[in-house]
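Student: Quick one: the structure is below, questions incoming.
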Amino acid sequence: MAHSADRTRLFSCGTTEEGESYLTEWNECEGSFKRVYNGLWKWSVGVVQFDTMKNQLLATSDEFQIKFWDMDNVNILTTTAAEGGLPASPCIRFNKEGILLTVSTRENGIKILANANGLRLLRSIENCAVDTSRG
(Lines give C-alpha, C1' and ligand atoms only; values in the text may rest on other atoms or scores of the structure.)
Protein backbone atom coordinates (compact mmCIF):
# COMPACT_ATOMS: atom_id res chain seq x y z
CA MET A 1 0.00 0.00 0.00
CA ALA A 2 1.11 3.56 -0.63
CA HIS A 3 -0.28 7.04 -0.05
CA SER A 4 -0.13 9.89 -2.54
CA ALA A 5 2.42 12.61 -1.73
CA ASP A 6 -0.21 14.73 0.03
CA ARG A 7 -1.39 11.61 1.95
CA THR A 8 -5.02 12.11 0.87
CA ARG A 9 -5.20 9.02 -1.35
CA LEU A 10 -4.41 5.38 -0.61
CA PHE A 11 -3.44 2.83 -3.27
CA SER A 12 -2.79 -0.89 -3.18
CA CYS A 13 -1.50 -3.38 -5.69
CA GLY A 14 -1.50 -7.14 -5.43
CA THR A 15 -2.77 -10.48 -6.59
CA THR A 16 -6.07 -12.15 -5.72
CA GLU A 17 -6.28 -15.73 -4.45
CA GLU A 18 -7.11 -16.70 -8.04
CA GLY A 19 -3.85 -15.11 -9.24
CA GLU A 20 -5.29 -12.00 -10.90
CA SER A 21 -3.30 -8.76 -10.51
CA TYR A 22 -4.97 -5.52 -9.44
CA LEU A 23 -4.14 -1.87 -8.77
CA THR A 24 -6.75 0.04 -6.78
CA GLU A 25 -7.45 3.31 -5.03
CA TRP A 26 -9.23 2.97 -1.71
CA ASN A 27 -11.95 5.03 -0.10
CA GLU A 28 -10.37 5.01 3.37
CA CYS A 29 -13.50 6.27 5.16
CA GLU A 30 -15.65 3.43 3.85
CA GLY A 31 -12.96 0.75 3.50
CA SER A 32 -13.99 0.06 -0.09
CA PHE A 33 -12.48 0.40 -3.56
CA LYS A 34 -12.82 3.88 -5.06
CA ARG A 35 -11.47 2.79 -8.47
CA VAL A 36 -9.69 -0.15 -10.06
CA TYR A 37 -7.09 0.67 -12.71
CA ASN A 38 -7.08 -1.16 -16.07
CA GLY A 39 -4.01 -2.49 -17.84
CA LEU A 40 -2.24 -4.94 -15.56
CA TRP A 41 -1.60 -8.34 -17.04
CA LYS A 42 -4.33 -10.65 -15.79
CA TRP A 43 -1.95 -13.39 -14.56
CA SER A 44 1.18 -11.78 -13.19
CA VAL A 45 4.47 -13.72 -13.28
CA GLY A 46 5.66 -12.27 -9.96
CA VAL A 47 4.80 -9.69 -7.34
CA VAL A 48 3.65 -6.49 -9.03
CA GLN A 49 5.69 -3.54 -7.71
CA PHE A 50 4.24 -0.03 -7.73
CA ASP A 51 4.94 3.54 -6.64
CA THR A 52 3.28 6.96 -6.78
CA MET A 53 4.74 10.20 -8.13
CA LYS A 54 3.63 13.33 -6.30
CA ASN A 55 -0.15 13.49 -6.75
CA GLN A 56 -0.18 12.73 -10.46
CA LEU A 57 1.15 9.34 -11.57
CA LEU A 58 1.04 5.70 -10.60
CA ALA A 59 3.66 3.32 -11.96
CA THR A 60 3.75 -0.48 -11.84
CA SER A 61 6.16 -3.11 -13.04
CA ASP A 62 4.43 -5.91 -14.92
CA GLU A 63 5.11 -8.07 -18.00
CA PHE A 64 8.79 -7.00 -18.31
CA GLN A 65 7.77 -3.34 -18.57
CA ILE A 66 6.81 -0.25 -16.60
CA LYS A 67 3.20 0.94 -16.87
CA PHE A 68 1.95 4.43 -15.99
CA TRP A 69 -1.47 5.83 -15.07
CA ASP A 70 -2.75 9.31 -14.32
CA MET A 71 -4.13 8.86 -10.78
CA ASP A 72 -7.48 10.30 -11.88
CA ASN A 73 -7.97 7.97 -14.86
CA VAL A 74 -8.37 4.18 -14.66
CA ASN A 75 -7.07 3.66 -18.21
CA ILE A 76 -3.36 3.12 -18.76
CA LEU A 77 -1.47 6.24 -19.86
CA THR A 78 1.66 4.68 -21.37
CA THR A 79 4.17 1.84 -21.03
CA THR A 80 7.90 1.42 -21.55
CA ALA A 81 10.24 -1.54 -21.70
CA ALA A 82 13.12 0.81 -20.72
CA GLU A 83 15.15 -0.47 -23.70
CA GLY A 84 14.94 -4.06 -22.42
CA GLY A 85 16.77 -6.00 -19.75
CA LEU A 86 13.96 -5.86 -17.19
CA PRO A 87 12.84 -8.87 -15.14
CA ALA A 88 9.16 -9.94 -15.21
CA SER A 89 8.34 -7.70 -12.21
CA PRO A 90 11.18 -5.22 -11.65
CA CYS A 91 11.44 -3.18 -8.45
CA ILE A 92 10.64 0.48 -9.09
CA ARG A 93 10.84 3.69 -7.06
CA PHE A 94 10.37 7.38 -7.86
CA ASN A 95 12.70 9.92 -6.26
CA LYS A 96 11.14 12.47 -3.88
CA GLU A 97 10.70 15.10 -6.61
CA GLY A 98 9.13 12.59 -9.00
CA ILE A 99 11.55 13.35 -11.84
CA LEU A 100 13.56 10.10 -11.72
CA LEU A 101 12.38 6.49 -11.58
CA THR A 102 14.83 3.73 -10.68
CA VAL A 103 14.15 0.29 -12.10
CA SER A 104 15.91 -3.00 -11.28
CA THR A 105 17.34 -5.05 -14.17
CA ARG A 106 17.78 -8.78 -14.78
CA GLU A 107 21.55 -8.50 -14.22
CA ASN A 108 21.11 -7.10 -10.66
CA GLY A 109 21.68 -3.56 -11.90
CA ILE A 110 19.49 -0.48 -12.10
CA LYS A 111 18.24 1.81 -14.82
CA ILE A 112 17.25 5.39 -14.19
CA LEU A 113 14.32 6.71 -16.21
CA ALA A 114 13.91 10.49 -16.27
CA ASN A 115 11.49 13.14 -17.45
CA ALA A 116 12.82 16.43 -18.92
CA ASN A 117 13.61 17.88 -15.46
CA GLY A 118 15.30 14.63 -14.47
CA LEU A 119 17.49 14.72 -17.58
CA ARG A 120 18.59 18.28 -16.73
CA LEU A 121 19.49 17.13 -13.21
CA LEU A 122 21.47 14.13 -14.48
CA ARG A 123 23.35 16.31 -16.99
CA SER A 124 24.24 18.85 -14.29
CA ILE A 125 25.58 16.06 -12.05
CA GLU A 126 27.56 14.66 -14.97
CA ASN A 127 29.04 18.12 -15.68
CA CYS A 128 30.04 18.54 -12.01
CA ALA A 129 31.78 15.16 -12.06
CA VAL A 130 33.74 16.14 -15.18
CA ASP A 131 34.69 19.54 -13.70
CA THR A 132 35.94 18.00 -10.42
CA SER A 133 38.15 15.50 -12.18
CA ARG A 134 39.96 18.32 -14.00
CA GLY A 135 40.99 20.12 -10.85
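We label chains A, B, ... in the order they appear in the C-alpha coordinates, count residues from 1 in each chain, and number ligands from 1 in the order shown.
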List every residue of range 7-107 of chain A that has an atom at most 8 Å from any atom of range 111-123 of chain A, and for each one report the closest atom pair and its distance in Å to one decimal, counting only C-alpha atoms, with rows sorted by chain and then by increasing residue number, as JSON lines.

Tutor:
```
{"residue": "A:Ala82", "atom": "CA", "partner": "A:Leu113", "partner_atom": "CA", "distance": 7.5}
{"residue": "A:Ile99", "atom": "CA", "partner": "A:Gly118", "partner_atom": "CA", "distance": 4.7}
{"residue": "A:Leu100", "atom": "CA", "partner": "A:Ala114", "partner_atom": "CA", "distance": 4.6}
{"residue": "A:Leu101", "atom": "CA", "partner": "A:Leu113", "partner_atom": "CA", "distance": 5.0}
{"residue": "A:Thr102", "atom": "CA", "partner": "A:Ile112", "partner_atom": "CA", "distance": 4.6}
{"residue": "A:Val103", "atom": "CA", "partner": "A:Lys111", "partner_atom": "CA", "distance": 5.1}
{"residue": "A:Ser104", "atom": "CA", "partner": "A:Lys111", "partner_atom": "CA", "distance": 6.4}
{"residue": "A:Thr105", "atom": "CA", "partner": "A:Lys111", "partner_atom": "CA", "distance": 6.9}
```

Student: Skipping near chain neighbours, those fewer than 6 positions away, what residues fall within 10 Å of range 28-37 of chain A using only C-alpha atoms, listed as a list in words?

Tutor: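 My list of contacting residues is Thr8, Arg9, Leu10, Phe11, Ser12, Cys13, Tyr22, Leu58, Trp69, Asp70, Met71, Asp72, Asn73, Val74, Asn75 and Ile76 of chain A.
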
Student: In Å, with one decimal, what is the gap from CA of Gly85 in chain A to CA of Glu18 in chain A?

Tutor: 28.7 Å

Student: Need to verify the contact set: Trp41 in chain A, 9 Å, only C-alpha atoms, exclusion of same-chain residues closer than 6 positions in sequence. Can you return it as a PyMOL selection string?

Tutor: chain A and resi 20-22+62-63

Student: Once DSSP has gone over the backbone, tell me which residues of range 17-128 of chain A are in strand (DSSP E), as a PyMOL selection string.

Tutor: chain A and resi 21-27+32-36+49-53+57-62+65-70+78-80+92-94+100-104+110-114

Student: What parts of range 5-132 of chain A does DSSP call helix (DSSP H, G or I)? I'd like the answer as an MDAnalysis selection string.

Tutor: chainID A and resid 116:132

Student: Tell me, in Å to one decimal, how far CA of Leu57 in chain A is from CA of Glu97 in chain A.

Tutor: 12.2 Å

Student: Within 9 Å of Thr78 in chain A, counting only C-alpha atoms, which residues qualify if same-chain residues fewer than 6 places away don't, as a PyMOL selection string?

Tutor: chain A and resi 66-69
